[in-house]
Structures are given as C-alpha cells and as structure tokens.
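Everything below belongs to structure-v7.cif, which stores mmCIF, C-alpha atoms.
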```cif
data_model
#
loop_
_atom_site.label_atom_id
_atom_site.label_comp_id
_atom_site.auth_asym_id
_atom_site.auth_seq_id
_atom_site.Cartn_x
_atom_site.Cartn_y
_atom_site.Cartn_z
CA MET A 3 -9.07 -4.64 -19.16
CA ARG A 4 -11.21 -3.99 -16.09
CA GLU A 5 -12.88 -6.82 -14.22
CA PHE A 6 -16.21 -6.49 -12.42
CA ILE A 7 -17.95 -8.78 -9.98
CA VAL A 8 -21.74 -8.80 -10.27
CA GLU A 9 -23.56 -10.15 -7.22
CA ALA A 10 -27.27 -10.61 -7.83
CA ASP A 11 -30.24 -12.04 -5.98
CA GLY A 12 -34.01 -12.03 -5.99
CA GLY A 13 -36.79 -13.34 -3.83
CA SER A 14 -40.52 -13.75 -3.47
CA ARG A 15 -42.54 -13.63 -0.27
CA GLY A 16 -44.92 -16.39 -1.25
CA ASN A 17 -43.25 -17.95 -4.31
CA PRO A 18 -45.13 -16.71 -6.21
CA GLY A 19 -45.79 -13.59 -4.20
CA PRO A 20 -44.58 -10.01 -3.80
CA ALA A 21 -41.10 -10.13 -5.30
CA GLY A 22 -38.02 -7.99 -5.80
CA TYR A 23 -34.41 -8.21 -6.85
CA GLY A 24 -31.10 -6.64 -5.93
CA SER A 25 -27.75 -6.47 -7.67
CA VAL A 26 -24.41 -4.83 -7.04
CA VAL A 27 -21.38 -4.25 -9.30
CA ILE A 28 -17.99 -4.43 -7.56
CA ASP A 29 -14.52 -3.58 -8.82
CA ALA A 30 -12.70 -6.92 -8.72
CA ALA A 31 -9.32 -5.30 -8.06
CA THR A 32 -10.28 -3.04 -5.16
CA GLY A 33 -13.50 -4.48 -3.73
CA GLU A 34 -15.19 -1.11 -4.20
CA THR A 35 -18.96 -1.04 -4.71
CA LEU A 36 -19.47 0.77 -8.02
CA THR A 37 -23.25 0.71 -8.35
CA GLU A 38 -26.35 -0.87 -6.83
CA ALA A 39 -29.75 -1.70 -8.32
CA ALA A 40 -32.98 -2.98 -6.80
CA GLU A 41 -36.63 -3.08 -7.84
CA TYR A 42 -40.00 -4.32 -6.62
CA ILE A 43 -41.46 -6.34 -9.52
CA GLY A 44 -44.91 -7.30 -8.26
CA ILE A 45 -46.06 -10.91 -8.04
CA ALA A 46 -43.42 -13.38 -9.26
CA THR A 47 -41.48 -16.48 -8.27
CA ASN A 48 -38.08 -16.59 -6.57
CA ASN A 49 -36.40 -17.77 -9.78
CA VAL A 50 -37.90 -15.05 -11.95
CA ALA A 51 -36.79 -12.45 -9.40
CA GLU A 52 -33.28 -13.92 -9.40
CA TYR A 53 -33.10 -13.70 -13.19
CA ARG A 54 -34.34 -10.09 -13.06
CA GLY A 55 -31.52 -9.33 -10.61
CA LEU A 56 -28.99 -10.93 -12.97
CA VAL A 57 -30.25 -8.88 -15.94
CA ALA A 58 -30.08 -5.65 -13.93
CA GLY A 59 -26.55 -6.40 -12.71
CA LEU A 60 -25.23 -7.19 -16.18
CA LYS A 61 -26.80 -4.04 -17.61
CA ALA A 62 -25.23 -1.96 -14.85
CA ALA A 63 -21.82 -3.51 -15.56
CA ARG A 64 -22.22 -2.79 -19.28
CA GLU A 65 -23.04 0.84 -18.58
CA LEU A 66 -19.87 1.19 -16.50
CA ASP A 67 -17.59 -0.44 -19.09
CA PRO A 68 -18.87 -2.55 -22.00
CA THR A 69 -15.37 -4.02 -22.51
CA ALA A 70 -14.91 -5.28 -18.95
CA THR A 71 -14.87 -8.93 -18.02
CA VAL A 72 -17.62 -9.85 -15.55
CA ARG A 73 -17.68 -12.55 -12.91
CA VAL A 74 -21.28 -13.20 -11.82
CA ARG A 75 -21.65 -14.56 -8.29
CA MET A 76 -25.08 -15.84 -7.20
CA ASP A 77 -26.41 -18.21 -4.56
CA SER A 78 -29.00 -19.54 -7.02
CA LYS A 79 -27.66 -22.87 -8.25
CA LEU A 80 -30.41 -22.94 -10.85
CA VAL A 81 -29.49 -19.63 -12.48
CA VAL A 82 -25.75 -20.30 -12.39
CA GLU A 83 -26.07 -23.77 -13.94
CA GLN A 84 -28.56 -22.65 -16.57
CA MET A 85 -26.57 -19.60 -17.62
CA SER A 86 -23.40 -21.72 -17.71
CA GLY A 87 -25.15 -24.03 -20.18
CA ARG A 88 -25.08 -27.11 -17.97
CA TRP A 89 -28.81 -27.21 -17.19
CA LYS A 90 -31.71 -26.75 -19.60
CA ILE A 91 -34.12 -23.87 -19.17
CA LYS A 92 -37.65 -25.25 -19.26
CA HIS A 93 -39.81 -22.71 -17.44
CA PRO A 94 -41.54 -20.35 -19.92
CA ASP A 95 -41.14 -17.33 -17.63
CA MET A 96 -37.39 -17.79 -17.34
CA LYS A 97 -36.48 -18.50 -20.97
CA PRO A 98 -36.86 -14.90 -22.21
CA LEU A 99 -35.04 -13.56 -19.13
CA ALA A 100 -32.12 -15.96 -19.66
CA ALA A 101 -31.98 -15.01 -23.34
CA GLU A 102 -31.98 -11.31 -22.42
CA ALA A 103 -29.15 -11.84 -19.91
CA ALA A 104 -27.11 -13.70 -22.52
CA ARG A 105 -27.40 -10.81 -25.00
CA ILE A 106 -26.23 -8.03 -22.68
CA LEU A 107 -22.51 -8.79 -22.98
CA PRO A 108 -20.54 -11.16 -25.23
CA PRO A 109 -20.46 -14.63 -23.64
CA SER A 110 -16.65 -14.59 -23.69
CA GLN A 111 -16.68 -11.68 -21.20
CA VAL A 112 -18.97 -13.28 -18.62
CA GLY A 113 -18.40 -16.17 -16.21
CA TYR A 114 -20.71 -17.60 -13.54
CA GLU A 115 -19.91 -18.78 -10.03
CA TRP A 116 -22.17 -20.24 -7.35
CA ILE A 117 -21.57 -18.94 -3.82
CA PRO A 118 -23.21 -19.77 -0.47
CA ARG A 119 -26.04 -17.48 0.61
CA GLU A 120 -23.97 -15.90 3.37
CA GLN A 121 -21.53 -14.63 0.76
CA ASN A 122 -24.28 -12.94 -1.25
CA LYS A 123 -25.49 -10.61 1.48
CA HIS A 124 -25.25 -7.32 -0.36
CA ALA A 125 -27.56 -8.28 -3.23
CA ASP A 126 -29.88 -10.14 -0.88
CA ARG A 127 -30.29 -7.10 1.36
CA LEU A 128 -31.06 -4.93 -1.64
CA ALA A 129 -33.76 -7.40 -2.76
CA ASN A 130 -35.30 -7.24 0.72
CA GLU A 131 -35.26 -3.45 0.61
CA ALA A 132 -37.07 -3.56 -2.74
CA MET A 133 -39.74 -5.90 -1.38
CA ASP A 134 -40.16 -3.75 1.73
CA ALA A 135 -40.65 -0.70 -0.51
CA GLY A 136 -43.23 -2.60 -2.56
CA LYS A 137 -45.14 -3.43 0.59
CA ARG A 138 -45.37 0.30 1.29
CA GLY A 139 -46.61 0.94 -2.25
CA GLU A 140 -43.29 2.48 -3.28
CA GLN A 141 -40.27 1.65 -5.38
CA TRP A 142 -36.77 1.18 -4.01
CA SER A 143 -34.74 4.39 -3.77
CA PRO A 144 -30.92 4.35 -3.68
CA SER A 145 -30.94 7.48 -1.52
CA ARG A 146 -32.80 5.60 1.22
CA SER A 147 -30.83 2.37 0.99
CA THR A 148 -28.87 1.21 4.02
CA ALA A 149 -27.93 -2.15 2.54
CA GLU A 150 -24.19 -1.67 2.71
CA LEU A 151 -24.24 -0.23 6.23
CA ASP A 152 -26.63 -2.93 7.44
CA ALA A 153 -24.34 -5.62 6.12
CA ARG A 154 -21.40 -4.35 8.11
CA ALA A 155 -23.47 -4.65 11.28
CA THR A 156 -24.76 -8.16 10.60
CA ARG A 157 -21.69 -10.21 9.90
CA PRO A 158 -22.16 -13.72 11.24
CA ALA A 159 -20.14 -14.56 14.32
CA THR A 160 -17.20 -16.88 13.83
CA PRO A 161 -17.06 -19.80 16.30
CA GLU A 162 -14.06 -19.33 18.54
CA PRO A 163 -11.66 -22.25 18.27
CA SER A 164 -10.22 -24.01 21.25
CA GLY A 165 -6.51 -23.84 21.79
CA PRO A 166 -3.84 -22.99 24.31
CA PRO A 167 -3.36 -19.35 25.36
CA GLY A 168 -1.32 -17.49 22.76
CA ASP A 169 -2.19 -20.02 20.06
CA ALA A 170 -1.92 -18.27 16.68
CA ALA A 171 -5.17 -19.75 15.35
CA ALA A 172 -7.17 -18.79 18.38
CA GLY A 173 -5.66 -15.33 18.37
CA ALA A 174 -6.56 -14.76 14.73
CA ALA A 175 -10.15 -15.84 15.31
CA LYS A 176 -10.46 -13.56 18.34
CA ALA A 177 -9.08 -10.65 16.33
CA ARG A 178 -11.58 -11.24 13.54
CA ALA A 179 -14.42 -11.44 16.06
CA ALA A 180 -13.30 -8.25 17.82
CA LEU A 181 -13.30 -6.31 14.55
CA ARG A 182 -16.92 -7.18 13.79
CA ALA A 183 -19.45 -4.46 14.42
CA PRO A 184 -22.24 -5.45 16.85
CA GLY A 185 -25.72 -6.01 15.44
CA SER A 186 -28.35 -8.59 14.71
CA GLU A 187 -29.70 -10.17 11.56
CA THR A 188 -32.65 -8.45 9.91
CA PRO A 189 -35.68 -10.41 8.71
CA ARG A 190 -35.17 -12.20 5.42
CA LYS A 191 -37.47 -12.78 2.55
CA GLY A 192 -36.12 -15.38 3.27
CA ARG A 193 -32.55 -15.05 2.38
CA GLY A 194 -30.63 -11.98 2.86
CA GLU A 195 -27.96 -9.91 4.34
CA LEU A 196 -24.82 -8.36 2.83
CA ARG A 197 -21.24 -8.95 1.77
CA ASP A 198 -18.90 -9.62 4.67
CA GLN A 199 -16.28 -6.97 3.98
CA PRO A 200 -16.96 -3.25 3.53
CA PRO A 201 -15.28 -1.86 0.42
CA PRO A 202 -12.30 0.45 0.68
CA SER A 203 -12.71 4.13 0.04
CA ARG A 204 -11.70 5.23 -3.44
CA GLY A 205 -11.04 8.84 -2.61
CA LEU A 206 -7.40 9.88 -2.84
CA THR A 207 -5.74 12.45 -0.67
CA THR A 208 -2.40 14.08 -1.34
CA PRO A 209 0.14 11.50 -0.19
CA VAL A 210 2.74 12.30 2.42
CA ALA A 211 5.50 10.67 0.38
CA PRO A 212 5.96 8.41 -2.63
CA PRO A 213 6.18 4.65 -2.11
CA SER A 214 9.41 3.30 -0.74
CA PRO A 215 12.07 1.91 -3.09
CA ASP A 216 11.25 -0.76 -5.61
CA ALA A 217 7.81 0.62 -5.58
CA GLY A 218 10.26 2.02 -6.71
CA GLU A 219 13.55 2.20 -5.00
CA ALA A 220 13.06 5.96 -5.36
CA ALA A 221 14.26 8.70 -3.07
CA LYS A 222 11.68 10.28 -0.80
CA SER A 223 13.98 13.27 -0.19
CA GLU A 224 12.48 15.85 2.15
CA ASN A 225 9.37 13.73 2.78
CA ASP A 226 11.26 10.87 4.45
CA VAL A 227 10.82 12.15 7.99
CA ARG A 228 7.16 13.02 7.53
CA ALA A 229 6.47 9.63 5.96
CA ALA A 230 8.15 7.83 8.83
CA ARG A 231 5.82 9.53 11.28
CA ASN A 232 2.86 8.09 9.41
CA VAL A 233 4.05 4.47 9.51
CA ALA A 234 2.37 2.50 12.25
CA THR A 235 4.46 -0.10 14.04
CA PRO A 236 2.88 -3.54 13.41
CA ALA A 237 2.39 -5.91 16.30
CA PRO A 238 4.62 -8.98 16.11
CA ALA A 239 2.94 -12.10 14.79
CA VAL A 240 2.79 -15.18 16.95
CA GLY A 241 2.94 -17.51 13.99
CA TRP A 242 1.30 -18.67 10.81
CA GLY A 243 -1.03 -21.36 12.14
CA ALA A 244 -4.44 -21.95 10.58
CA ALA A 245 -7.71 -21.14 12.29
CA PRO A 246 -9.57 -24.42 12.75
CA ASP A 247 -12.97 -22.72 12.61
CA MET A 248 -12.40 -21.95 8.92
CA GLY A 249 -10.15 -24.84 8.06
CA ALA A 250 -6.55 -24.31 7.05
CA PRO A 251 -6.17 -21.04 5.12
CA ALA A 252 -3.94 -20.45 2.15
CA THR A 253 -1.15 -18.50 3.84
CA PHE A 254 1.18 -16.34 1.75
CA VAL A 255 4.46 -15.45 3.39
CA LEU A 256 5.61 -12.43 1.40
CA LEU A 257 9.37 -11.99 1.11
CA ARG A 258 10.74 -8.86 -0.50
CA HIS A 259 13.96 -9.55 -2.40
CA GLY A 260 17.33 -8.50 -1.03
CA GLU A 261 19.10 -5.31 -1.97
CA THR A 262 20.37 -4.56 -5.47
CA PRO A 263 22.88 -1.81 -6.35
CA LEU A 264 19.87 0.48 -6.94
CA THR A 265 18.30 -0.03 -3.51
CA PRO A 266 20.57 2.16 -1.34
CA GLN A 267 20.46 4.81 -4.06
CA LYS A 268 16.66 4.81 -3.85
CA ARG A 269 16.10 4.56 -7.59
CA PHE A 270 12.94 3.39 -9.31
CA SER A 271 13.50 -0.26 -10.13
CA GLY A 272 10.50 -1.99 -11.65
CA SER A 273 9.89 -4.61 -14.29
CA GLY A 274 10.75 -2.36 -17.24
CA GLY A 275 14.31 -1.47 -16.38
CA THR A 276 17.70 -3.18 -16.34
CA ASP A 277 16.63 -6.11 -14.13
CA PRO A 278 19.50 -5.76 -11.64
CA ALA A 279 20.88 -8.72 -9.70
CA LEU A 280 21.39 -8.82 -5.94
CA SER A 281 24.36 -6.96 -4.52
CA ASP A 282 26.70 -8.58 -1.99
CA ALA A 283 24.57 -7.09 0.76
CA GLY A 284 21.44 -8.39 -0.93
CA ARG A 285 22.81 -11.93 -1.14
CA GLU A 286 23.65 -11.82 2.57
CA GLN A 287 20.11 -10.63 3.32
CA ALA A 288 18.67 -13.47 1.24
CA GLU A 289 20.73 -16.01 3.17
CA ARG A 290 19.58 -14.62 6.50
CA ALA A 291 15.94 -14.72 5.38
CA ALA A 292 16.47 -18.30 4.23
CA ALA A 293 17.90 -19.30 7.61
CA ALA A 294 14.96 -17.69 9.44
CA LEU A 295 12.39 -19.45 7.24
CA ALA A 296 14.19 -22.78 7.64
CA ALA A 297 14.06 -22.35 11.41
CA ARG A 298 10.30 -21.71 11.34
CA GLY A 299 9.79 -24.75 9.16
CA THR A 300 6.33 -23.90 7.84
CA ILE A 301 6.95 -23.17 4.14
CA GLN A 302 5.55 -25.84 1.80
CA ALA A 303 6.14 -24.23 -1.60
CA ILE A 304 8.03 -21.30 -3.11
CA VAL A 305 6.73 -19.02 -5.89
CA SER A 306 8.81 -16.16 -7.28
CA SER A 307 8.52 -13.15 -9.52
CA PRO A 308 10.44 -13.74 -12.78
CA LEU A 309 12.89 -10.86 -12.20
CA THR A 310 16.52 -11.69 -11.41
CA ARG A 311 16.62 -10.22 -7.89
CA THR A 312 13.59 -12.19 -6.75
CA ARG A 313 14.70 -15.44 -8.38
CA GLN A 314 18.10 -15.17 -6.68
CA THR A 315 16.42 -14.52 -3.32
CA ALA A 316 14.02 -17.42 -3.85
CA GLU A 317 16.82 -19.77 -4.83
CA ALA A 318 18.68 -18.99 -1.60
CA VAL A 319 15.61 -20.02 0.39
CA ALA A 320 14.94 -23.05 -1.80
CA ALA A 321 18.47 -24.33 -1.24
CA ARG A 322 17.88 -24.28 2.53
CA LEU A 323 14.43 -25.83 2.40
CA GLY A 324 15.01 -28.38 -0.34
CA LEU A 325 12.13 -27.03 -2.43
CA ASP A 326 11.75 -26.06 -6.07
CA VAL A 327 10.94 -22.51 -7.18
CA SER A 328 7.91 -21.87 -9.37
CA ILE A 329 7.83 -18.66 -11.41
CA GLU A 330 4.68 -16.51 -11.49
CA ASP A 331 4.72 -13.54 -13.85
CA GLY A 332 1.89 -11.86 -11.94
CA LEU A 333 4.28 -11.26 -9.02
CA ARG A 334 6.55 -8.95 -11.04
CA GLU A 335 7.15 -5.37 -9.92
CA THR A 336 5.27 -2.42 -11.43
CA ASP A 337 6.69 -1.08 -14.70
CA PHE A 338 7.84 2.48 -13.99
CA GLY A 339 8.28 3.42 -17.64
CA ALA A 340 10.73 6.25 -18.29
CA TRP A 341 11.36 6.62 -14.56
CA GLU A 342 13.27 3.34 -14.35
CA GLY A 343 16.71 3.91 -12.86
CA LEU A 344 15.97 7.49 -11.75
CA THR A 345 15.71 8.85 -8.23
CA PHE A 346 12.53 10.54 -7.05
CA ALA A 347 14.26 13.92 -7.22
CA GLU A 348 15.34 13.27 -10.81
CA VAL A 349 11.81 12.34 -11.82
CA ARG A 350 10.41 15.48 -10.17
CA GLU A 351 12.92 17.59 -12.08
CA ARG A 352 12.36 15.93 -15.49
CA HIS A 353 8.67 14.99 -15.39
CA PRO A 354 6.98 17.15 -12.71
CA ASP A 355 3.46 17.07 -14.19
CA ASP A 356 3.48 13.32 -14.73
CA LEU A 357 4.80 12.73 -11.22
CA ASN A 358 2.13 14.96 -9.64
CA ALA A 359 -0.59 13.12 -11.56
CA TRP A 360 0.86 9.77 -10.47
CA LEU A 361 0.92 10.83 -6.82
CA ALA A 362 -2.69 12.05 -7.03
CA SER A 363 -4.36 9.12 -8.79
CA PRO A 364 -3.85 5.34 -8.79
CA GLU A 365 -4.96 5.30 -12.43
CA ALA A 366 -2.13 7.58 -13.61
CA GLU A 367 0.78 5.93 -15.41
CA PRO A 368 4.44 6.86 -15.10
CA THR A 369 5.96 8.76 -18.02
CA GLY A 370 6.37 6.67 -21.13
CA GLY A 371 3.50 4.25 -20.63
CA GLY A 372 4.46 2.43 -17.45
CA GLU A 373 1.96 0.58 -15.25
CA SER A 374 -0.47 2.44 -12.99
CA PHE A 375 -1.13 1.33 -9.43
CA GLU A 376 -4.70 0.51 -10.50
CA ALA A 377 -3.38 -1.85 -13.19
CA THR A 378 -0.98 -3.38 -10.68
CA ALA A 379 -3.85 -3.94 -8.24
CA ARG A 380 -5.89 -5.75 -10.87
CA ARG A 381 -2.92 -7.94 -11.73
CA ILE A 382 -2.17 -8.75 -8.09
CA ALA A 383 -5.82 -9.51 -7.32
CA ALA A 384 -5.98 -11.97 -10.23
CA THR A 385 -2.67 -13.54 -9.18
CA ARG A 386 -3.86 -13.79 -5.58
CA ASP A 387 -7.05 -15.59 -6.60
CA LYS A 388 -5.10 -17.98 -8.81
CA LEU A 389 -2.60 -18.81 -6.08
CA VAL A 390 -5.23 -19.14 -3.35
CA ALA A 391 -7.02 -21.72 -5.50
CA SER A 392 -3.79 -23.56 -6.25
CA TYR A 393 -2.46 -23.62 -2.69
CA ALA A 394 -5.61 -23.88 -0.57
CA GLY A 395 -4.72 -24.91 2.97
CA ARG A 396 -0.96 -24.56 2.41
CA THR A 397 1.72 -22.08 3.47
CA VAL A 398 3.54 -20.65 0.46
CA LEU A 399 6.48 -18.28 0.22
CA LEU A 400 5.94 -15.59 -2.42
CA VAL A 401 9.19 -13.83 -3.29
CA THR A 402 8.29 -10.52 -4.85
CA HIS A 403 8.67 -6.72 -4.68
CA VAL A 404 7.53 -3.65 -2.79
CA THR A 405 4.45 -2.72 -4.81
CA PRO A 406 3.03 -6.26 -5.06
CA ILE A 407 3.53 -6.87 -1.32
CA LYS A 408 1.95 -3.57 -0.36
CA THR A 409 -0.92 -4.32 -2.73
CA PHE A 410 -1.51 -7.76 -1.22
CA VAL A 411 -1.68 -6.09 2.19
CA ARG A 412 -3.87 -3.20 1.02
CA LEU A 413 -6.41 -5.49 -0.57
CA ALA A 414 -6.41 -7.84 2.44
CA ILE A 415 -7.28 -5.11 4.92
CA GLY A 416 -9.54 -3.10 2.61
CA ALA A 417 -7.32 -0.01 2.68
CA PRO A 418 -7.62 2.78 0.07
CA SER A 419 -5.06 3.27 -2.68
CA GLU A 420 -3.22 6.05 -0.90
CA SER A 421 -2.19 3.59 1.80
CA LEU A 422 0.56 2.44 -0.58
CA PHE A 423 2.36 5.68 0.26
CA ARG A 424 2.14 5.05 3.98
CA MET A 425 3.77 1.63 4.27
CA GLU A 426 7.48 1.16 4.77
CA LEU A 427 8.83 -2.13 3.42
CA SER A 428 12.48 -3.04 3.88
CA ALA A 429 14.65 -5.18 1.65
CA ALA A 430 14.42 -8.90 2.56
CA SER A 431 11.53 -8.21 4.97
CA LEU A 432 8.80 -10.74 5.72
CA SER A 433 5.05 -10.17 5.76
CA ALA A 434 2.21 -12.71 5.85
CA VAL A 435 -1.46 -12.79 4.84
CA ALA A 436 -3.86 -15.73 5.36
CA TYR A 437 -6.89 -16.30 3.10
CA TYR A 438 -9.84 -18.20 4.59
CA ALA A 439 -12.55 -20.30 3.00
CA ASP A 440 -15.21 -17.67 3.78
CA GLY A 441 -13.43 -15.11 1.61
CA ASN A 442 -11.91 -13.15 4.49
CA ALA A 443 -8.22 -12.34 4.78
CA SER A 444 -6.08 -11.88 7.88
CA LEU A 445 -2.86 -9.84 7.93
CA ARG A 446 -0.50 -11.83 10.16
CA LEU A 447 2.81 -10.02 9.82
CA PHE A 448 4.22 -6.91 8.18
CA ASN A 449 7.79 -5.79 7.45
CA ASP A 450 9.49 -8.18 9.87
CA THR A 451 13.26 -7.62 9.67
CA SER A 452 14.25 -9.31 12.93
CA HIS A 453 16.26 -11.92 10.99
CA LEU A 454 18.50 -9.18 9.56
CA ARG A 455 19.59 -7.80 12.94
#
```
What would you get if you wrote out this structure as structure tokens?
Amino acid sequence: MREFIVEADGGSRGNPGPAGYGSVVIDAATGETLTEAAEYIGIATNNVAEYRGLVAGLKAARELDPTATVRVRMDSKLVVEQMSGRWKIKHPDMKPLAAEAARILPPSQVGYEWIPREQNKHADRLANEAMDAGKRGEQWSPSRSTAELDARATRPATPEPSGPPGDAAAGAAKARAALRAPGSETPRKGRGELRDQPPPSRGLTTPVAPPSPDAGEAAKSENDVRAARNVATPAPAVGWGAAPDMGAPATFVLLRHGETPLTPQKRFSGSGGTDPALSDAGREQAERAAAALAARGTIQAIVSSPLTRTRQTAEAVAARLGLDVSIEDGLRETDFGAWEGLTFAEVRERHPDDLNAWLASPEAEPTGGGESFEATARRIAATRDKLVASYAGRTVLLVTHVTPIKTFVRLAIGAPSESLFRMELSAASLSAVAYYADGNASLRLFNDTSHLR
C-alpha cells in the first residue's frame, strides 16, 4: 500500500482578509512531490484557509490513489487537534469544512501530525502565491509557480557550532551549511516558505549495471568495469559525533553482513531464498567488524535483520560489545522471487524481459512476484522513521543487507532510484547516516572496509 504525506497550509492577510491556501502531496517513500494545489479564496480567516488547504490536499491524495494511507502534516495546532478528535470544533465556518475533510478518505487511512512552521514551507509558499495572485485579480496557476524552487533558495541557516578543528560535529554542520543555496526569505502572509529538502528526481535512465550482490549477490558480468568507473570514492568520515546545533541525532551505523557461500559467486540472495549462513570468510569478516566497532566505542544498541547471515554478524558484534540484539523485520533484504540463487547471467538467459523491466523501473518486480525496489523503499522509509523515533539521540548499529543500506543512503541524500545501480557495497562494510531533529539527514560514511585490510 502506498503512503502519501499531505502538507497543507492557509493564511489570511487581515484575519479575516484576502486569503488563500496551499497543499502538496508527497510520496512518503521517496520524498517526491506528486502534486501541488493552491487557490485564492477571497475574504476569510486563517483557520478557514487552513481547512480549505487540508480539504484540497486530501482530495488530491485521493485522486492519486484512494487506497493509500495519508499522513497529514500541518503547522496549525488547531486543525490537527480538531481533526484528531482531541479538540471540539465550535466555529460555524469550520464545522462543514472539517466534516468535508473527514469524508474524503476513510478515517483509518488518515493520520495527523503537527509540525513547526519552518517544516511546512512548501504549502506555506503555495498559499502565499495564491494570495499574491488574488491581489492581482487572478487565480494561482501551477505553470507560474516557483514555490519548490524558491524553497530551495530560502533554507534557514544553521548556527555553526563551536568545537576544535576537525571536530566531527562542526564539520557536519559546515557541510550542511555549504550545501545550502544562497537566497533570502520572501515576505510572508505571515508564515511561509518551503520544505527544506528538494525531492529526488523520479526519472529513470538505463542503468550501467545491476546492483551489487545481495541486492542481490548477482553477477554484473561485462558491466563490472563500467560500473566501477561510475562509483565515486567517498571521503573518509572523521567520526559519528552529534551536531550540537541540532541536538544529538539518531545515528545509524549500517553494517552489511559478512560473506555467505553465495557472495563470491555473485548470486541473488534475498529474503525469499535459502537463507544462507555465513561462510568461514564471512565469520572472519564479522569478527573484524566487531573488533573495529569495539575500538570506536560509540555503539549503544544493535538491531538486526531477521535473516541468518545478519543475525550471525550481529551476534559477533554483540559478543564484543556486551549488548543484546533486537530483530527488526523491516531490515530484511529484498525478495528476488524466482531469481533467488541465480547469477545475473542466468537470470538474463531465463527471464530476459522481466530483467529488462526490472532494470528500467523501480516499480517492476522480479519474476515470480518478488519485491520491487519501490516496495523496498517504502518498507525502509517506514522502518527508518520507526527506528529514528525509538533511538532519538543514540548511535545504533543496524546489521542488514545491500539493498536496505543503499536505500537508506539514497533516501538520506535525495538521490533518484537509479542510484542504487551506482553504489558498490562490500561484504562487512560500514556506512553511517545521522538523522537530525529538523528532519535533515547527513551521510557520514559509506562502504568503509578499512577494518578488513
């Protein structure tokens, strides 16, 4: 089932006064903006405009997929509390709007979340555009909207923390600041700018090579050399310290399991196959990763995929650190259907059409009803949100597989789906992503294998 995020806002220049609303529907798995809506509604109050934005956003989500679950995010405490049933609706102008919003989708499909104004910039900017159009005697036009572009140029500056030269926290904050596009805030109604992170592109190009093993552990045959040329060498991370300007982030240290007998053979090995155990080489790799993590001394909890190879790798680390291992089903590898246990060349020979479709679209499933990359992304995004909430401010080791790790990274940096084909991830490698209180993510480390050398 798909999941949408609806961000909605409304405002009035006078309260009551000239008013407008804006709403945006976002794919929860990818962060992609799916549709925008805005309208000048004449003279109204802020709250009425906010409810009109909610109604428009829910209708847009229903048009995209009436079966999707919807997470509504608004900076109006009033609307969120009233629609959640915790506050009574007394104002006569808002009662019919609230009732209309409640009828658009079944209540079981919709949840409400309050967010700070600075996290609701996209909808707010759209509402301002609608009010500006009304002032000119026009209606808002999507073809003339610059809301998304404006938002990228008006991200609020992050205070730079103090710290010694080379400090990991200071370095992360400087990197985030350097990546921000220059620009200044535009006038508010007053309240509005845009979402902090631009969405990734959804367009797919023909990939250079299939994902590396275990996403699956499949052969890349003649494409190996070309794929290697497309892999950028990541800069080494200084450490996993928290940026004090945002408070301590939830930091996920991502450990790919050690080798199995299928790894050197480059066979697809997902969650629907034989569930192989670690080989002798894989157990040695797990021990080396455990020793490296023990030396760093920052891991506070361990969470593992339920598959045998990840549990064995996690248990090796847990024995060194004196920690328990929690199992999280959402960290399992992609199910590769009928391709499980086959090499890439064997799949191309037996299922050429299915393989070509899979390489061309993240929504295509492997032969036999496996899991698409789009479905994997939705699962990983939900698992990420769950773990971030559970381990806020802590450093957690997630022992998982190639596709989940690449997906964590892709979503963190806002990369398109085809980027999965352009990352190389070695057995028992370490990567790290930090998640901050403002909703931003910072990639700290990728495919570190120094402990294996």
Subject >> Polymer residues at most 12 Å from Lys90 (chain A), only C-alpha atoms, same-chain spacing of 6 or more positions, as a PyMOL selection string >> reply: chain A and resi 80-84+96-97+100
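Among the candidates A:Ala436, A:Ala125, A:Met85, A:Leu60, the one nearest to Leu389 (chain A) when counting all atoms listed in the file is A:Ala436.
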**OP:** Step by step, work through what the PyMOL selection byres ((chain A and resi 128) around 6) selects in the shown file, and finish by giving those residues as a VMD selection string.
**Re:** chain A and resid 24 40 125 to 127 129 to 131 149
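Residues matched by the PyMOL selection byres ((chain A and resi 433) around 8) in this structure: Val255, Leu256, Leu257, Ile407, Ser431, Leu432, Ala434, Val435, Arg446, Leu447, Phe448, Asn449 and Asp450 of chain A.
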**OP:** Find, counting all atoms listed in the file, the residue in A:Leu333, A:Ala21, A:Val411, A:Val8 that gets nearest to Tyr42 (chain A).
**Re:** A:Ala21
Result set of the PyMOL selection byres ((chain A and resi 410) around 9) on the coordinates above, as a PDB file with C-alpha atoms, in the frame of the given file:
```
ATOM      1  CA  LEU A 256       5.610 -12.430   1.400  1.00  0.00           C
ATOM      2  CA  ALA A 379      -3.850  -3.940  -8.240  1.00  0.00           C
ATOM      3  CA  ILE A 382      -2.170  -8.750  -8.090  1.00  0.00           C
ATOM      4  CA  ALA A 383      -5.820  -9.510  -7.320  1.00  0.00           C
ATOM      5  CA  ARG A 386      -3.860 -13.790  -5.580  1.00  0.00           C
ATOM      6  CA  THR A 405       4.450  -2.720  -4.810  1.00  0.00           C
ATOM      7  CA  PRO A 406       3.030  -6.260  -5.060  1.00  0.00           C
ATOM      8  CA  ILE A 407       3.530  -6.870  -1.320  1.00  0.00           C
ATOM      9  CA  LYS A 408       1.950  -3.570  -0.360  1.00  0.00           C
ATOM     10  CA  THR A 409      -0.920  -4.320  -2.730  1.00  0.00           C
ATOM     11  CA  VAL A 411      -1.680  -6.090   2.190  1.00  0.00           C
ATOM     12  CA  ARG A 412      -3.870  -3.200   1.020  1.00  0.00           C
ATOM     13  CA  LEU A 413      -6.410  -5.490  -0.570  1.00  0.00           C
ATOM     14  CA  ALA A 414      -6.410  -7.840   2.440  1.00  0.00           C
ATOM     15  CA  ILE A 415      -7.280  -5.110   4.920  1.00  0.00           C
ATOM     16  CA  VAL A 435      -1.460 -12.790   4.840  1.00  0.00           C
TER      17      VAL A 435
END
```
